[in-house]
$ cat protein00.tsv   # TSV, all heavy atoms
chain	number	residue	atom	x	y	z
A	1165	MET	N	31.13	-89.30	122.59
A	1165	MET	CA	30.91	-90.17	123.72
A	1165	MET	C	31.67	-91.48	123.54
A	1165	MET	O	31.68	-92.03	122.44
A	1165	MET	CB	29.43	-90.47	123.83
A	1165	MET	CG	28.85	-90.08	125.14
A	1165	MET	SD	27.07	-90.24	125.12
A	1165	MET	CE	26.90	-91.12	126.62
A	1166	PRO	N	32.30	-91.99	124.59
A	1166	PRO	CA	33.05	-93.24	124.46
A	1166	PRO	C	32.12	-94.44	124.29
A	1166	PRO	O	30.96	-94.41	124.69
A	1166	PRO	CB	33.82	-93.34	125.77
A	1166	PRO	CG	33.07	-92.50	126.72
A	1166	PRO	CD	32.42	-91.42	125.91
A	1167	LYS	N	32.69	-95.48	123.70
A	1167	LYS	CA	31.91	-96.71	123.54
A	1167	LYS	C	31.66	-97.35	124.89
A	1167	LYS	O	32.52	-97.34	125.76
A	1167	LYS	CB	32.68	-97.72	122.69
A	1167	LYS	CG	32.65	-97.46	121.23
A	1167	LYS	CD	33.31	-98.61	120.53
A	1167	LYS	CE	33.24	-98.47	119.04
A	1167	LYS	NZ	33.88	-99.59	118.37
A	1168	MET	N	30.49	-97.88	125.06
A	1168	MET	CA	30.16	-98.59	126.29
A	1168	MET	C	30.64	-100.03	126.16
A	1168	MET	O	30.54	-100.62	125.11
A	1168	MET	CB	28.65	-98.56	126.54
A	1168	MET	CG	28.10	-97.17	126.72
A	1168	MET	SD	28.80	-96.27	128.09
A	1168	MET	CE	28.06	-97.12	129.44
A	1169	ARG	N	31.16	-100.57	127.25
A	1169	ARG	CA	31.60	-101.96	127.27
A	1169	ARG	C	30.66	-102.76	128.13
A	1169	ARG	O	30.22	-102.30	129.18
A	1169	ARG	CB	33.01	-102.07	127.85
A	1169	ARG	CG	34.04	-101.39	126.99
A	1169	ARG	CD	35.38	-101.56	127.59
A	1169	ARG	NE	35.98	-102.76	127.03
A	1169	ARG	CZ	37.18	-103.20	127.33
A	1169	ARG	NH1	37.90	-102.56	128.21
A	1169	ARG	NH2	37.66	-104.28	126.77
A	1170	ARG	N	30.38	-103.95	127.70
A	1170	ARG	CA	29.57	-104.84	128.52
A	1170	ARG	C	30.45	-105.42	129.62
A	1170	ARG	O	31.65	-105.62	129.43
A	1170	ARG	CB	28.99	-105.96	127.68
A	1170	ARG	CG	27.91	-105.45	126.73
A	1170	ARG	CD	27.35	-106.56	125.94
A	1170	ARG	NE	28.38	-106.94	124.96
A	1170	ARG	CZ	28.33	-108.01	124.21
A	1170	ARG	NH1	27.33	-108.84	124.31
A	1170	ARG	NH2	29.29	-108.27	123.34
A	1171	LYS	N	29.86	-105.72	130.76
A	1171	LYS	CA	30.61	-106.26	131.88
A	1171	LYS	C	31.28	-107.58	131.51
A	1171	LYS	O	32.38	-107.88	131.97
A	1171	LYS	CB	29.71	-106.44	133.09
A	1171	LYS	CG	30.49	-106.78	134.34
A	1171	LYS	CD	29.66	-106.66	135.59
A	1171	LYS	CE	30.53	-106.91	136.78
A	1171	LYS	NZ	29.89	-106.60	138.02
A	1172	ALA	N	30.66	-108.35	130.65
A	1172	ALA	CA	31.23	-109.63	130.23
A	1172	ALA	C	32.50	-109.44	129.41
A	1172	ALA	O	33.32	-110.36	129.33
A	1172	ALA	CB	30.20	-110.41	129.41
A	1173	ASP	N	32.70	-108.27	128.83
A	1173	ASP	CA	33.89	-107.99	128.02
A	1173	ASP	C	35.06	-107.46	128.84
A	1173	ASP	O	36.16	-107.33	128.32
A	1173	ASP	CB	33.55	-106.97	126.93
A	1173	ASP	CG	32.56	-107.51	125.92
A	1173	ASP	OD1	32.43	-108.75	125.81
A	1173	ASP	OD2	31.90	-106.70	125.26
A	1174	LEU	N	34.85	-107.15	130.12
A	1174	LEU	CA	35.91	-106.62	130.96
A	1174	LEU	C	36.84	-107.75	131.40
A	1174	LEU	O	36.43	-108.90	131.52
A	1174	LEU	CB	35.32	-105.95	132.20
A	1174	LEU	CG	34.46	-104.72	131.94
A	1174	LEU	CD1	33.83	-104.26	133.23
A	1174	LEU	CD2	35.28	-103.61	131.32
A	1175	PRO	N	38.12	-107.44	131.66
A	1175	PRO	CA	39.05	-108.46	132.14
A	1175	PRO	C	38.63	-108.98	133.51
A	1175	PRO	O	38.04	-108.26	134.30
A	1175	PRO	CB	40.39	-107.75	132.21
A	1175	PRO	CG	40.15	-106.33	131.93
A	1175	PRO	CD	38.76	-106.15	131.48
A	1176	GLN	N	38.95	-110.24	133.77
A	1176	GLN	CA	38.63	-110.85	135.05
A	1176	GLN	C	39.86	-111.49	135.67
A	1176	GLN	O	40.80	-111.85	134.97
A	1176	GLN	CB	37.56	-111.94	134.88
A	1176	GLN	CG	36.21	-111.42	134.55
A	1176	GLN	CD	35.17	-112.53	134.59
A	1176	GLN	OE1	35.49	-113.71	134.57
A	1176	GLN	NE2	33.91	-112.14	134.66
A	1177	LYS	N	39.81	-111.62	136.99
A	1177	LYS	CA	40.84	-112.33	137.76
A	1177	LYS	C	40.13	-113.20	138.79
A	1177	LYS	O	38.95	-113.04	139.03
A	1177	LYS	CB	41.74	-111.33	138.51
A	1177	LYS	CG	42.68	-110.57	137.63
A	1177	LYS	CD	43.62	-109.75	138.49
A	1177	LYS	CE	44.61	-109.01	137.63
A	1177	LYS	NZ	45.58	-108.29	138.45
A	1178	THR	N	40.90	-114.08	139.41
A	1178	THR	CA	40.37	-114.91	140.48
A	1178	THR	C	40.96	-114.43	141.80
A	1178	THR	O	42.17	-114.22	141.90
A	1178	THR	CB	40.75	-116.39	140.24
A	1178	THR	OG1	40.25	-116.78	138.97
A	1178	THR	CG2	40.14	-117.28	141.30
A	1179	CYS	N	40.13	-114.28	142.80
A	1179	CYS	CA	40.56	-113.79	144.11
A	1179	CYS	C	41.51	-114.81	144.75
A	1179	CYS	O	41.26	-116.02	144.73
A	1179	CYS	CB	39.34	-113.58	145.00
A	1179	CYS	SG	39.75	-113.00	146.66
A	1180	ALA	N	42.59	-114.32	145.35
A	1180	ALA	CA	43.58	-115.17	145.98
A	1180	ALA	C	43.08	-115.79	147.28
A	1180	ALA	O	43.61	-116.81	147.71
A	1180	ALA	CB	44.85	-114.36	146.26
A	1181	THR	N	42.05	-115.23	147.89
A	1181	THR	CA	41.54	-115.75	149.16
A	1181	THR	C	40.34	-116.66	148.96
A	1181	THR	O	40.36	-117.81	149.38
A	1181	THR	CB	41.13	-114.60	150.10
A	1181	THR	OG1	42.27	-113.77	150.31
A	1181	THR	CG2	40.65	-115.12	151.44
A	1182	CYS	N	39.31	-116.16	148.31
A	1182	CYS	CA	38.06	-116.93	148.20
A	1182	CYS	C	37.96	-117.74	146.91
A	1182	CYS	O	37.13	-118.64	146.82
A	1182	CYS	CB	36.85	-116.01	148.34
A	1182	CYS	SG	36.65	-114.83	146.99
A	1183	GLY	N	38.77	-117.42	145.92
A	1183	GLY	CA	38.76	-118.19	144.67
A	1183	GLY	C	37.65	-117.81	143.70
A	1183	GLY	O	37.50	-118.43	142.66
A	1184	ARG	N	36.90	-116.78	144.01
A	1184	ARG	CA	35.81	-116.35	143.12
A	1184	ARG	C	36.35	-115.40	142.06
A	1184	ARG	O	37.26	-114.61	142.32
A	1184	ARG	CB	34.73	-115.63	143.91
A	1184	ARG	CG	34.02	-116.51	144.88
A	1184	ARG	CD	32.96	-115.73	145.60
A	1184	ARG	NE	32.30	-116.56	146.60
A	1184	ARG	CZ	31.53	-116.11	147.55
A	1184	ARG	NH1	31.31	-114.81	147.66
A	1184	ARG	NH2	30.98	-116.93	148.40
A	1185	PRO	N	35.76	-115.44	140.87
A	1185	PRO	CA	36.18	-114.49	139.83
A	1185	PRO	C	35.62	-113.10	140.11
A	1185	PRO	O	34.53	-112.96	140.66
A	1185	PRO	CB	35.57	-115.07	138.55
A	1185	PRO	CG	34.43	-115.89	139.01
A	1185	PRO	CD	34.78	-116.40	140.38
A	1186	PHE	N	36.40	-112.07	139.75
A	1186	PHE	CA	35.92	-110.70	139.88
A	1186	PHE	C	36.39	-109.92	138.66
A	1186	PHE	O	37.41	-110.24	138.05
A	1186	PHE	CB	36.36	-110.04	141.19
A	1186	PHE	CG	37.86	-109.90	141.36
A	1186	PHE	CD1	38.49	-108.73	141.02
A	1186	PHE	CD2	38.61	-110.94	141.87
A	1186	PHE	CE1	39.87	-108.58	141.20
A	1186	PHE	CE2	39.98	-110.81	142.04
A	1186	PHE	CZ	40.60	-109.63	141.70
A	1187	ALA	N	35.62	-108.91	138.30
A	1187	ALA	CA	35.86	-108.14	137.08
A	1187	ALA	C	36.59	-106.83	137.39
A	1187	ALA	O	36.59	-106.34	138.52
A	1187	ALA	CB	34.54	-107.84	136.37
A	1188	TRP	N	37.18	-106.28	136.36
A	1188	TRP	CA	37.88	-105.01	136.41
A	1188	TRP	C	36.93	-103.92	136.88
A	1188	TRP	O	35.74	-103.91	136.55
A	1188	TRP	CB	38.37	-104.69	135.01
A	1188	TRP	CG	39.13	-103.42	134.84
A	1188	TRP	CD1	40.46	-103.26	134.95
A	1188	TRP	CD2	38.59	-102.14	134.48
A	1188	TRP	NE1	40.80	-101.96	134.69
A	1188	TRP	CE2	39.67	-101.24	134.40
A	1188	TRP	CE3	37.31	-101.66	134.23
A	1188	TRP	CZ2	39.51	-99.91	134.07
A	1188	TRP	CZ3	37.14	-100.33	133.91
A	1188	TRP	CH2	38.23	-99.47	133.83
A	1189	ARG	N	37.45	-102.99	137.69
A	1189	ARG	CA	36.70	-101.81	138.12
A	1189	ARG	C	37.49	-100.57	137.77
A	1189	ARG	O	38.71	-100.59	137.74
A	1189	ARG	CB	36.49	-101.83	139.64
A	1189	ARG	CG	35.62	-102.95	140.12
A	1189	ARG	CD	35.42	-102.83	141.61
A	1189	ARG	NE	34.72	-103.99	142.14
A	1189	ARG	CZ	34.51	-104.20	143.41
A	1189	ARG	NH1	34.94	-103.32	144.31
A	1189	ARG	NH2	33.87	-105.26	143.82
A	1190	LYS	N	36.77	-99.49	137.53
A	1190	LYS	CA	37.43	-98.25	137.12
A	1190	LYS	C	38.44	-97.77	138.16
A	1190	LYS	O	39.51	-97.26	137.81
A	1190	LYS	CB	36.39	-97.17	136.86
A	1190	LYS	CG	36.97	-95.93	136.25
A	1190	LYS	CD	35.91	-94.94	135.86
A	1190	LYS	CE	36.57	-93.72	135.24
A	1190	LYS	NZ	35.57	-92.75	134.78
A	1191	LYS	N	38.14	-97.97	139.45
A	1191	LYS	CA	39.06	-97.50	140.48
A	1191	LYS	C	40.37	-98.29	140.48
A	1191	LYS	O	41.36	-97.86	141.07
A	1191	LYS	CB	38.41	-97.55	141.86
A	1191	LYS	CG	38.15	-98.92	142.40
A	1191	LYS	CD	37.54	-98.83	143.79
A	1191	LYS	CE	37.35	-100.18	144.42
A	1191	LYS	NZ	36.82	-100.08	145.78
A	1192	TRP	N	40.40	-99.46	139.82
A	1192	TRP	CA	41.60	-100.27	139.71
A	1192	TRP	C	42.34	-100.05	138.40
A	1192	TRP	O	43.30	-100.76	138.09
A	1192	TRP	CB	41.27	-101.75	139.83
A	1192	TRP	CG	40.74	-102.18	141.16
A	1192	TRP	CD1	40.99	-101.60	142.37
A	1192	TRP	CD2	39.87	-103.28	141.42
A	1192	TRP	NE1	40.34	-102.28	143.37
A	1192	TRP	CE2	39.64	-103.32	142.81
A	1192	TRP	CE3	39.27	-104.23	140.62
A	1192	TRP	CZ2	38.84	-104.28	143.41
A	1192	TRP	CZ3	38.48	-105.20	141.22
A	1192	TRP	CH2	38.27	-105.20	142.59
A	1193	ALA	N	41.95	-99.08	137.61
A	1193	ALA	CA	42.51	-98.88	136.28
A	1193	ALA	C	44.03	-98.74	136.27
A	1193	ALA	O	44.71	-99.34	135.44
A	1193	ALA	CB	41.88	-97.66	135.62
A	1194	LYS	N	44.58	-98.00	137.21
A	1194	LYS	CA	46.03	-97.76	137.23
A	1194	LYS	C	46.81	-98.88	137.90
A	1194	LYS	O	48.02	-99.00	137.69
A	1194	LYS	CB	46.32	-96.44	137.94
A	1194	LYS	CG	45.79	-95.25	137.20
A	1194	LYS	CD	46.08	-93.96	137.92
A	1194	LYS	CE	45.51	-92.78	137.17
A	1194	LYS	NZ	45.75	-91.51	137.87
A	1195	VAL	N	46.16	-99.70	138.72
A	1195	VAL	CA	46.87	-100.73	139.47
A	1195	VAL	C	46.34	-102.15	139.21
A	1195	VAL	O	46.51	-103.04	140.03
A	1195	VAL	CB	46.82	-100.43	141.00
A	1195	VAL	CG1	47.59	-99.17	141.34
A	1195	VAL	CG2	45.39	-100.34	141.48
A	1196	TRP	N	45.70	-102.37	138.07
A	1196	TRP	CA	45.07	-103.66	137.77
A	1196	TRP	C	46.05	-104.82	137.88
A	1196	TRP	O	45.70	-105.91	138.35
A	1196	TRP	CB	44.41	-103.62	136.41
A	1196	TRP	CG	43.76	-104.92	136.02
A	1196	TRP	CD1	44.10	-105.71	134.98
A	1196	TRP	CD2	42.64	-105.56	136.67
A	1196	TRP	NE1	43.27	-106.81	134.94
A	1196	TRP	CE2	42.37	-106.74	135.96
A	1196	TRP	CE3	41.86	-105.26	137.78
A	1196	TRP	CZ2	41.35	-107.62	136.32
A	1196	TRP	CZ3	40.85	-106.14	138.13
A	1196	TRP	CH2	40.60	-107.30	137.41
A	1197	ASP	N	47.30	-104.63	137.51
A	1197	ASP	CA	48.28	-105.70	137.58
A	1197	ASP	C	48.61	-106.10	139.02
A	1197	ASP	O	49.06	-107.21	139.27
A	1197	ASP	CB	49.57	-105.30	136.86
A	1197	ASP	CG	49.36	-105.14	135.37
A	1197	ASP	OD1	48.46	-105.82	134.82
A	1197	ASP	OD2	50.09	-104.35	134.76
A	1198	GLU	N	48.37	-105.21	139.97
A	1198	GLU	CA	48.68	-105.46	141.37
A	1198	GLU	C	47.50	-105.97	142.19
A	1198	GLU	O	47.68	-106.44	143.31
A	1198	GLU	CB	49.21	-104.17	142.02
A	1198	GLU	CG	50.46	-103.64	141.35
A	1198	GLU	CD	50.79	-102.23	141.79
A	1198	GLU	OE1	50.22	-101.77	142.80
A	1198	GLU	OE2	51.62	-101.60	141.12
A	1199	VAL	N	46.29	-105.90	141.63
A	1199	VAL	CA	45.08	-106.30	142.35
A	1199	VAL	C	45.05	-107.83	142.47
A	1199	VAL	O	45.21	-108.54	141.49
A	1199	VAL	CB	43.81	-105.79	141.63
A	1199	VAL	CG1	42.55	-106.31	142.30
A	1199	VAL	CG2	43.79	-104.29	141.58
A	1200	ARG	N	44.86	-108.32	143.72
A	1200	ARG	CA	44.82	-109.76	143.96
A	1200	ARG	C	43.54	-110.21	144.64
A	1200	ARG	O	43.23	-111.39	144.63
A	1200	ARG	CB	46.00	-110.17	144.83
A	1200	ARG	CG	47.34	-109.96	144.15
A	1200	ARG	CD	48.49	-110.40	145.02
A	1200	ARG	NE	48.33	-111.78	145.42
A	1200	ARG	CZ	48.84	-112.32	146.53
A	1200	ARG	NH1	49.55	-111.58	147.34
A	1200	ARG	NH2	48.65	-113.59	146.82
A	1201	TYR	N	42.84	-109.28	145.28
A	1201	TYR	CA	41.68	-109.64	146.08
A	1201	TYR	C	40.43	-108.94	145.56
A	1201	TYR	O	40.49	-107.83	145.07
A	1201	TYR	CB	41.90	-109.23	147.54
A	1201	TYR	CG	43.17	-109.82	148.11
A	1201	TYR	CD1	44.32	-109.06	148.26
A	1201	TYR	CD2	43.21	-111.16	148.49
A	1201	TYR	CE1	45.48	-109.60	148.77
A	1201	TYR	CE2	44.37	-111.72	149.00
A	1201	TYR	CZ	45.50	-110.94	149.14
A	1201	TYR	OH	46.64	-111.49	149.64
A	1202	CYS	N	39.28	-109.60	145.74
A	1202	CYS	CA	38.03	-109.05	145.22
A	1202	CYS	C	37.42	-107.99	146.13
A	1202	CYS	O	36.60	-107.19	145.69
A	1202	CYS	CB	37.03	-110.18	145.00
A	1202	CYS	SG	36.54	-111.08	146.49
A	1203	SER	N	37.82	-107.98	147.41
A	1203	SER	CA	37.22	-107.04	148.35
A	1203	SER	C	38.17	-106.79	149.52
A	1203	SER	O	39.16	-107.49	149.70
A	1203	SER	CB	35.90	-107.60	148.89
A	1203	SER	OG	36.15	-108.78	149.64
A	1204	ASP	N	37.82	-105.81	150.35
A	1204	ASP	CA	38.61	-105.53	151.55
A	1204	ASP	C	38.51	-106.69	152.54
A	1204	ASP	O	39.45	-106.96	153.27
A	1204	ASP	CB	38.13	-104.24	152.22
A	1204	ASP	CG	38.52	-103.00	151.43
A	1204	ASP	OD1	39.51	-103.07	150.67
A	1204	ASP	OD2	37.84	-101.98	151.57
A	1205	ARG	N	37.38	-107.36	152.56
A	1205	ARG	CA	37.21	-108.50	153.46
A	1205	ARG	C	38.20	-109.61	153.11
A	1205	ARG	O	38.84	-110.18	154.00
A	1205	ARG	CB	35.79	-109.02	153.36
A	1205	ARG	CG	35.52	-110.18	154.28
A	1205	ARG	CD	34.07	-110.59	154.20
A	1205	ARG	NE	33.84	-111.69	155.11
A	1205	ARG	CZ	32.66	-112.23	155.32
A	1205	ARG	NH1	31.60	-111.76	154.69
A	1205	ARG	NH2	32.53	-113.23	156.15
A	1206	CYS	N	38.36	-109.91	151.85
A	1206	CYS	CA	39.32	-110.93	151.44
A	1206	CYS	C	40.75	-110.44	151.66
A	1206	CYS	O	41.63	-111.22	152.03
A	1206	CYS	CB	39.12	-111.30	149.98
A	1206	CYS	SG	37.69	-112.36	149.71
A	1207	LYS	N	40.97	-109.17	151.46
A	1207	LYS	CA	42.31	-108.61	151.64
A	1207	LYS	C	42.77	-108.70	153.10
A	1207	LYS	O	43.94	-108.89	153.38
A	1207	LYS	CB	42.33	-107.16	151.18
A	1207	LYS	CG	43.71	-106.54	151.15
A	1207	LYS	CD	43.65	-105.15	150.58
A	1207	LYS	CE	45.02	-104.55	150.53
A	1207	LYS	NZ	45.01	-103.21	149.95
A	1208	SER	N	41.83	-108.60	154.02
A	1208	SER	CA	42.18	-108.66	155.43
A	1208	SER	C	42.54	-110.07	155.88
A	1208	SER	O	42.94	-110.27	157.02
A	1208	SER	CB	41.07	-108.07	156.29
A	1208	SER	OG	39.94	-108.91	156.25
A	1209	GLY	N	42.38	-111.05	155.01
A	1209	GLY	CA	42.85	-112.40	155.31
A	1209	GLY	C	41.83	-113.34	155.87
A	1209	GLY	O	42.18	-114.38	156.41
A	1210	ARG	N	40.57	-113.05	155.74
A	1210	ARG	CA	39.55	-113.97	156.24
A	1210	ARG	C	39.49	-115.18	155.32
A	1210	ARG	O	39.35	-115.06	154.12
A	1210	ARG	CB	38.19	-113.30	156.28
A	1210	ARG	CG	38.18	-112.15	157.25
A	1210	ARG	CD	36.82	-111.55	157.33
A	1210	ARG	NE	36.92	-110.33	158.12
A	1210	ARG	CZ	35.93	-109.80	158.76
A	1210	ARG	NH1	34.75	-110.34	158.72
A	1210	ARG	NH2	36.09	-108.70	159.46
A	1211	THR	N	39.60	-116.35	155.90
A	1211	THR	CA	39.62	-117.57	155.11
A	1211	THR	C	38.38	-118.43	155.36
A	1211	THR	O	38.40	-119.63	155.15
A	1211	THR	CB	40.88	-118.40	155.41
A	1211	THR	OG1	40.91	-118.68	156.81
A	1211	THR	CG2	42.12	-117.66	155.00
A	1212	ALA	N	37.30	-117.83	155.84
A	1212	ALA	CA	36.07	-118.57	156.10
A	1212	ALA	C	35.51	-119.09	154.78
A	1212	ALA	O	35.47	-118.40	153.78
A	1212	ALA	CB	35.05	-117.67	156.78
A	1213	ALA	N	35.08	-120.33	154.80
A	1213	ALA	CA	34.52	-120.93	153.59
A	1213	ALA	C	33.16	-120.33	153.29
A	1213	ALA	O	32.36	-120.09	154.20
A	1213	ALA	CB	34.37	-122.44	153.80
A	1214	PRO	N	32.89	-120.06	152.02
A	1214	PRO	CA	31.58	-119.51	151.67
A	1214	PRO	C	30.47	-120.52	151.91
A	1214	PRO	O	30.67	-121.72	151.74
A	1214	PRO	CB	31.70	-119.17	150.18
A	1214	PRO	CG	32.88	-119.94	149.69
A	1214	PRO	CD	33.75	-120.23	150.87
A	1215	SER	N	29.31	-120.04	152.33
A	1215	SER	CA	28.21	-120.96	152.62
A	1215	SER	C	27.31	-121.18	151.43
A	1215	SER	O	27.34	-120.52	150.46
A	1215	SER	CB	27.37	-120.45	153.77
A	1215	SER	OG	26.95	-119.13	153.52

$ encode --input "protein00.tsv" --output "structure tokens"
Amino acid sequence: MPKMRRKADLPQKTCATCGRPFAWRKKWAKVWDEVRYCSDRCKSGRTAAPS
């Protein structure tokens, strides 16, 4: 069985739209260098300030 990693040990980036940090996800494993946004909502270009 593979070693389990804690979420705090995963790589993080800052979202280009909202500025919030987000962690690596398995679905981004092959394209992690290209990921810039934390969600589809940020990717679509919404620039509303968080409340």

$ atom_distance --input "protein00.tsv" --atom1 "atom CA of Cys1179 of chain A" --atom2 "atom CA of Asp1204 of chain A"
11.3 Å

$ select_by_dssp --input "protein00.tsv" --residues "chain A" --states "alpha helix (DSSP H)" --output "PyMOL selection string"
chain A and resi 1204-1207

$ select_by_dssp --input "protein00.tsv" --residues "chain A" --states "strand (DSSP E or B)" --output "PDB file with all heavy atoms, in the coordinates of the input"
ATOM      1  N   GLN A1176      38.950-110.240 133.770  1.00  0.00           N
ATOM      2  CA  GLN A1176      38.630-110.850 135.050  1.00  0.00           C
ATOM      3  C   GLN A1176      39.860-111.490 135.670  1.00  0.00           C
ATOM      4  O   GLN A1176      40.800-111.850 134.970  1.00  0.00           O
ATOM      5  CB  GLN A1176      37.560-111.940 134.880  1.00  0.00           C
ATOM      6  CG  GLN A1176      36.210-111.420 134.550  1.00  0.00           C
ATOM      7  CD  GLN A1176      35.170-112.530 134.590  1.00  0.00           C
ATOM      8  OE1 GLN A1176      35.490-113.710 134.570  1.00  0.00           O
ATOM      9  NE2 GLN A1176      33.910-112.140 134.660  1.00  0.00           N
ATOM     10  N   LYS A1177      39.810-111.620 136.990  1.00  0.00           N
ATOM     11  CA  LYS A1177      40.840-112.330 137.760  1.00  0.00           C
ATOM     12  C   LYS A1177      40.130-113.200 138.790  1.00  0.00           C
ATOM     13  O   LYS A1177      38.950-113.040 139.030  1.00  0.00           O
ATOM     14  CB  LYS A1177      41.740-111.330 138.510  1.00  0.00           C
ATOM     15  CG  LYS A1177      42.680-110.570 137.630  1.00  0.00           C
ATOM     16  CD  LYS A1177      43.620-109.750 138.490  1.00  0.00           C
ATOM     17  CE  LYS A1177      44.610-109.010 137.630  1.00  0.00           C
ATOM     18  NZ  LYS A1177      45.580-108.290 138.450  1.00  0.00           N
ATOM     19  N   THR A1178      40.900-114.080 139.410  1.00  0.00           N
ATOM     20  CA  THR A1178      40.370-114.910 140.480  1.00  0.00           C
ATOM     21  C   THR A1178      40.960-114.430 141.800  1.00  0.00           C
ATOM     22  O   THR A1178      42.170-114.220 141.900  1.00  0.00           O
ATOM     23  CB  THR A1178      40.750-116.390 140.240  1.00  0.00           C
ATOM     24  OG1 THR A1178      40.250-116.780 138.970  1.00  0.00           O
ATOM     25  CG2 THR A1178      40.140-117.280 141.300  1.00  0.00           C
ATOM     26  N   PRO A1185      35.760-115.440 140.870  1.00  0.00           N
ATOM     27  CA  PRO A1185      36.180-114.490 139.830  1.00  0.00           C
ATOM     28  C   PRO A1185      35.620-113.100 140.110  1.00  0.00           C
ATOM     29  O   PRO A1185      34.530-112.960 140.660  1.00  0.00           O
ATOM     30  CB  PRO A1185      35.570-115.070 138.550  1.00  0.00           C
ATOM     31  CG  PRO A1185      34.430-115.890 139.010  1.00  0.00           C
ATOM     32  CD  PRO A1185      34.780-116.400 140.380  1.00  0.00           C
ATOM     33  N   PHE A1186      36.400-112.070 139.750  1.00  0.00           N
ATOM     34  CA  PHE A1186      35.920-110.700 139.880  1.00  0.00           C
ATOM     35  C   PHE A1186      36.390-109.920 138.660  1.00  0.00           C
ATOM     36  O   PHE A1186      37.410-110.240 138.050  1.00  0.00           O
ATOM     37  CB  PHE A1186      36.360-110.040 141.190  1.00  0.00           C
ATOM     38  CG  PHE A1186      37.860-109.900 141.360  1.00  0.00           C
ATOM     39  CD1 PHE A1186      38.490-108.730 141.020  1.00  0.00           C
ATOM     40  CD2 PHE A1186      38.610-110.940 141.870  1.00  0.00           C
ATOM     41  CE1 PHE A1186      39.870-108.580 141.200  1.00  0.00           C
ATOM     42  CE2 PHE A1186      39.980-110.810 142.040  1.00  0.00           C
ATOM     43  CZ  PHE A1186      40.600-109.630 141.700  1.00  0.00           C
ATOM     44  N   ALA A1187      35.620-108.910 138.300  1.00  0.00           N
ATOM     45  CA  ALA A1187      35.860-108.140 137.080  1.00  0.00           C
ATOM     46  C   ALA A1187      36.590-106.830 137.390  1.00  0.00           C
ATOM     47  O   ALA A1187      36.590-106.340 138.520  1.00  0.00           O
ATOM     48  CB  ALA A1187      34.540-107.840 136.370  1.00  0.00           C
TER      49      ALA A1187
END

$ residues_around --input "protein00.tsv" --residues "segment 1183-1191 of chain A" --least-positions-apart "3" --cutoff "6 Å" --atoms "all atoms listed in the file" --output "JSON, numbers by chain"
{"A": [1171, 1174, 1175, 1176, 1177, 1178, 1179, 1180, 1194, 1195, 1196, 1199, 1200, 1201, 1202, 1203, 1214, 1215]}

$ atom_distance --input "protein00.tsv" --atom1 "atom O of Lys1207 of chain A" --atom2 "atom CA of Thr1181 of chain A"
8.4 Å

$ atom_distance --input "protein00.tsv" --atom1 "atom C of Cys1182 of chain A" --atom2 "atom CA of Ser1208 of chain A"
13.1 Å
